[in-house]
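The next block is input28.cif, given as mmCIF, C-alpha atoms and all ligand atoms; chains and numbers go by the auth columns.
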```cif
data_run
loop_
_atom_site.group_PDB
_atom_site.id
_atom_site.type_symbol
_atom_site.label_atom_id
_atom_site.label_comp_id
_atom_site.label_asym_id
_atom_site.label_seq_id
_atom_site.Cartn_x
_atom_site.Cartn_y
_atom_site.Cartn_z
_atom_site.B_iso_or_equiv
_atom_site.auth_seq_id
_atom_site.auth_asym_id
ATOM 1 C CA MET A 1 -17.735 11.599 -9.957 0.00 1 U
ATOM 2 C CA GLY A 2 -19.518 11.191 -6.620 0.00 2 U
ATOM 3 C CA ASP A 3 -18.178 7.657 -6.384 0.00 3 U
ATOM 4 C CA ARG A 4 -14.712 8.816 -5.333 0.00 4 U
ATOM 5 C CA GLU A 5 -16.042 10.427 -2.177 0.00 5 U
ATOM 6 C CA SER A 6 -18.484 7.679 -1.345 0.00 6 U
ATOM 7 C CA PRO A 7 -18.073 6.052 2.073 0.00 7 U
ATOM 8 C CA ILE A 8 -18.639 2.683 0.389 0.00 8 U
ATOM 9 C CA CYS A 9 -15.522 0.782 -0.662 0.00 9 U
ATOM 10 C CA PRO A 10 -15.663 0.261 -4.448 0.00 10 U
ATOM 11 C CA VAL A 11 -13.564 -2.885 -4.147 0.00 11 U
ATOM 12 C CA CYS A 12 -15.400 -4.929 -1.505 0.00 12 U
ATOM 13 C CA ARG A 13 -18.616 -2.831 -1.075 0.00 13 U
ATOM 14 C CA GLN A 14 -18.087 -2.430 2.664 0.00 14 U
ATOM 15 C CA SER A 15 -19.577 0.811 3.970 0.00 15 U
ATOM 16 C CA PHE A 16 -17.881 3.186 6.387 0.00 16 U
ATOM 17 C CA LYS A 17 -19.050 6.115 8.472 0.00 17 U
ATOM 18 C CA ASP A 18 -17.333 8.561 6.139 0.00 18 U
ATOM 19 C CA PHE A 19 -15.041 8.891 3.110 0.00 19 U
ATOM 20 C CA ARG A 20 -11.982 9.218 5.324 0.00 20 U
ATOM 21 C CA GLY A 21 -12.761 5.901 7.008 0.00 21 U
ATOM 22 C CA ARG A 22 -13.187 4.275 3.613 0.00 22 U
ATOM 23 C CA ARG A 23 -9.837 5.620 2.419 0.00 23 U
ATOM 24 C CA VAL A 24 -8.049 4.307 5.494 0.00 24 U
ATOM 25 C CA HIS A 25 -9.670 0.913 4.917 0.00 25 U
ATOM 26 C CA GLN A 26 -8.692 0.915 1.242 0.00 26 U
ATOM 27 C CA ARG A 27 -5.075 1.710 2.019 0.00 27 U
ATOM 28 C CA VAL A 28 -4.901 -1.242 4.387 0.00 28 U
ATOM 29 C CA ALA A 29 -7.213 -3.764 2.727 0.00 29 U
ATOM 30 C CA HIS A 30 -6.631 -2.975 -0.953 0.00 30 U
ATOM 31 C CA PRO A 31 -3.250 -1.281 -1.342 0.00 31 U
ATOM 32 C CA ARG A 32 -3.049 -2.205 -5.027 0.00 32 U
ATOM 33 C CA GLU A 33 -6.420 -0.655 -5.856 0.00 33 U
ATOM 34 C CA PHE A 34 -5.811 2.404 -3.718 0.00 34 U
ATOM 35 C CA HIS A 35 -4.985 5.306 -6.024 0.00 35 U
ATOM 36 C CA GLY A 36 -3.958 2.919 -8.791 0.00 36 U
ATOM 37 C CA GLU A 37 -0.684 4.151 -10.232 0.00 37 U
ATOM 38 C CA GLU A 38 0.321 5.929 -7.031 0.00 38 U
ATOM 39 C CA ALA A 39 0.063 2.688 -5.046 0.00 39 U
ATOM 40 C CA GLN A 40 1.987 0.818 -7.741 0.00 40 U
ATOM 41 C CA ALA A 41 4.769 3.383 -7.653 0.00 41 U
ATOM 42 C CA LEU A 42 4.841 3.150 -3.870 0.00 42 U
ATOM 43 C CA SER A 43 5.038 -0.645 -3.843 0.00 43 U
ATOM 44 C CA ALA A 44 7.779 -0.528 -6.475 0.00 44 U
ATOM 45 C CA PHE A 45 9.667 1.895 -4.228 0.00 45 U
ATOM 46 C CA GLU A 46 9.067 -0.360 -1.211 0.00 46 U
ATOM 47 C CA ALA A 47 10.288 -3.417 -3.131 0.00 47 U
ATOM 48 C CA LEU A 48 13.420 -1.511 -4.121 0.00 48 U
ATOM 49 C CA HIS A 49 13.924 -0.305 -0.564 0.00 49 U
ATOM 50 C CA LEU A 50 13.337 -3.778 0.914 0.00 50 U
ATOM 51 C CA GLY A 51 15.683 -5.284 -1.656 0.00 51 U
ATOM 52 C CA ALA A 52 18.350 -2.793 -0.677 0.00 52 U
ATOM 53 C CA ARG A 53 17.782 -3.603 2.999 0.00 53 U
ATOM 54 C CA ASN A 54 18.111 -7.334 2.324 0.00 54 U
ATOM 55 C CA ILE A 55 21.331 -6.780 0.433 0.00 55 U
ATOM 56 C CA ASN A 56 22.708 -4.702 3.303 0.00 56 U
ATOM 57 C CA LYS A 57 21.710 -7.431 5.758 0.00 57 U
ATOM 58 C CA GLU A 58 23.416 -10.046 3.617 0.00 58 U
ATOM 59 C CA ILE A 59 26.604 -7.997 3.501 0.00 59 U
ATOM 60 C CA ARG A 60 26.509 -7.545 7.282 0.00 60 U
ATOM 61 C CA GLU A 61 25.955 -11.272 7.845 0.00 61 U
ATOM 62 C CA ARG A 62 28.758 -12.194 5.480 0.00 62 U
ATOM 63 C CA GLY A 63 31.025 -9.728 7.266 0.00 63 U
ATOM 64 C CA LYS A 64 30.709 -11.798 10.455 0.00 64 U
ATOM 65 C CA TYR A 65 32.674 -14.654 8.951 0.00 65 U
HETATM 66 ZN ZN ZN B . -12.724 -2.729 0.728 0.00 101 U
#
```

Render the structure in this file as structure tokens.
Ligand SMILES: [Zn+2]
Amino acid sequence: MGDRESPICPVCRQSFKDFRGRRVHQRVAHPREFHGEEAQALSAFEALHLGARNINKEIRERGKY
């Protein structure tokens, strides 16, 4: 499984100076592909968190009136 530590992005084939650089790129450029299930769980958590924030904002805005 040398592919996982390759400095070449498996998604867009861009090459980086090292594996760490590639990982940073993947996190930013391809968050869905990055670590598969882990990224999905994270985005689900973020959606939940953002939803909660929006609800709180709505409550605060409604409280003004
Ligand atoms: Zn890429």

query: With only C-alpha atoms as the atoms that count, which of U:Glu61, U:Glu33, U:Glu46, U:Glu5 lies nearest to U:Phe19?
result: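 Once distances to U:Phe19 are computed over only C-alpha atoms, the minimum belongs to U:Glu5.
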
query: Which residues fall under the PyMOL selection byres (((not hetatm)) within 6 of (chain U and resi 101)) in this file, as a PyMOL selection string?
result: chain U and resi 9+11-12+14+26+29

Could those residues be written to a file, using C-alpha atoms, as a PDB file, in the coordinates of the input?
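Resulting contents of result_27.pdb:
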```
ATOM      1  CA  CYS U   9     -15.522   0.782  -0.662  1.00  0.00           C
ATOM      2  CA  VAL U  11     -13.564  -2.885  -4.147  1.00  0.00           C
ATOM      3  CA  CYS U  12     -15.400  -4.929  -1.505  1.00  0.00           C
ATOM      4  CA  GLN U  14     -18.087  -2.430   2.664  1.00  0.00           C
ATOM      5  CA  GLN U  26      -8.692   0.915   1.242  1.00  0.00           C
ATOM      6  CA  ALA U  29      -7.213  -3.764   2.727  1.00  0.00           C
TER       7      ALA U  29
END
```

query: Could you work out how far atom CA of U:Ser6 lies from atom CA of U:Gly21, giving the answer in Å with one decimal?
result: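 Atom-to-atom, atom CA of U:Gly21 to atom CA of U:Ser6, that is 10.3 Å.
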
- request: Figure out the distance between atom CA of U:Gly63 and atom CA of U:Ala47, please, to one decimal in Å.
  value: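 Interatomic distance here is 24.0 Å.
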